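K.L.:
A single structure is presented below for examination.
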Amino acid sequence: MRTFAKALSLLLVVGLASPVFAEDAKPFSDSKEINLLNLLPPPPANDSAQMKAELGEILTIQVTRTPEMAARAVADAEENVWRFSDVIDNPKFTKESLPKFSAFFDRVVETEGAVVDPAKDVWKRPRPHLYSDLVKPIVPLSKSGSYPSGHTTVGTLMGVVLANMVPEKRTAIMARAWEYGHNRIVGGIHYASDIEAGRIAGMVIAETITTHDDYKTEYEGAKAELRAALGL
């Protein structure tokens, strides 16, 4: 799986603020329905060869990343669907133009935390900069568990949902979602296995919430609004 994830990452086009949600945004699911402790393997042990290899990857990127890569990683610290604007490439892809779509994705983003945070609290994998003082992150720091990556989970989740709304751009949207996750390694705040686990979690969440009636209703309204705005 790791080789597959790295291969996809190489295909991506590589080029801080905290997310802001509607006050009434409620997750479509939670850890009771989607228990990642039963879905994902535990993270590599702190003294394992895999942990050392993943740390080595972070340190290598730290000295080889370009200014453009660094800028993309910093920008992708935001957790919202508007990070996909570069692939949607339409001036109407804004919160102001798409109120139903925006409110729907507020709930999608909230779902990630409701599912992922409890698992992070159990596994408590140390972030790279807490494991080694050689790591110098360029994105906002966090002391929450590193595994799985919440950013990667929500990026994958948003990508799957958005690609279902705009299948004409599915390839570009999912490539952007993959880059979004990989940029957490570029930023020095996550390990490769955090990203792999986040991608799995994001896809499982995306599949699960499609069975919920409230999701189905809000999805159709958001999709119709988006496609009308994009002229599709």
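Residue numbering restarts at 1 for every chain of the structure tokens, chains are lettered A, B, ... in their displayed order, and ligands are numbered from 1 as they appear.
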Give one line per residue of range 106-165 of chain A that approaches range 51-75 of chain A to at most 9 Å, naming the two atoms of the closest pair and their distance in Å to one decimal, counting only C-alpha atoms; sort by chain then ascending residue number and deliver it as a tab-separated table.

P.N.:
residue	atom	partner	partner_atom	distance
A:Pro128	CA	A:Leu55	CA	7.0
A:Tyr131	CA	A:Leu55	CA	8.9
A:Ser132	CA	A:Leu55	CA	8.3
A:Leu134	CA	A:Leu59	CA	7.5
A:Val135	CA	A:Leu59	CA	6.5
A:Lys136	CA	A:Gln62	CA	7.7
A:Pro137	CA	A:Gln62	CA	8.4
A:Ile138	CA	A:Val74	CA	6.8
A:Val139	CA	A:Val74	CA	5.4
A:Pro140	CA	A:Val74	CA	8.3

K.L.:
DSSP on the backbone: what in range 34-201 of chain A comes out alpha helix (DSSP H), as a PyMOL selection string?

P.N.:
chain A and resi 36-39+49-64+67-75+85-88+99-123+128-131+150-165+170-186+192-201

K.L.:
Between CA of Gly150 in chain A and CA of Asn80 in chain A, what is the spacing in Å?

P.N.:
12.3 Å

K.L.:
Using CA of Glu196 in chain A and CA of Thr94 in chain A as the two end points, give the distance in Å to one decimal.

P.N.:
29.5 Å

K.L.:
Excluding Asn35 in chain A and residues on its chain fewer than 4 positions from it, collect all residues at most 8 Å away from it, counting only C-alpha atoms, and give them as a PyMOL selection string.

P.N.:
chain A and resi 31+39+115+119
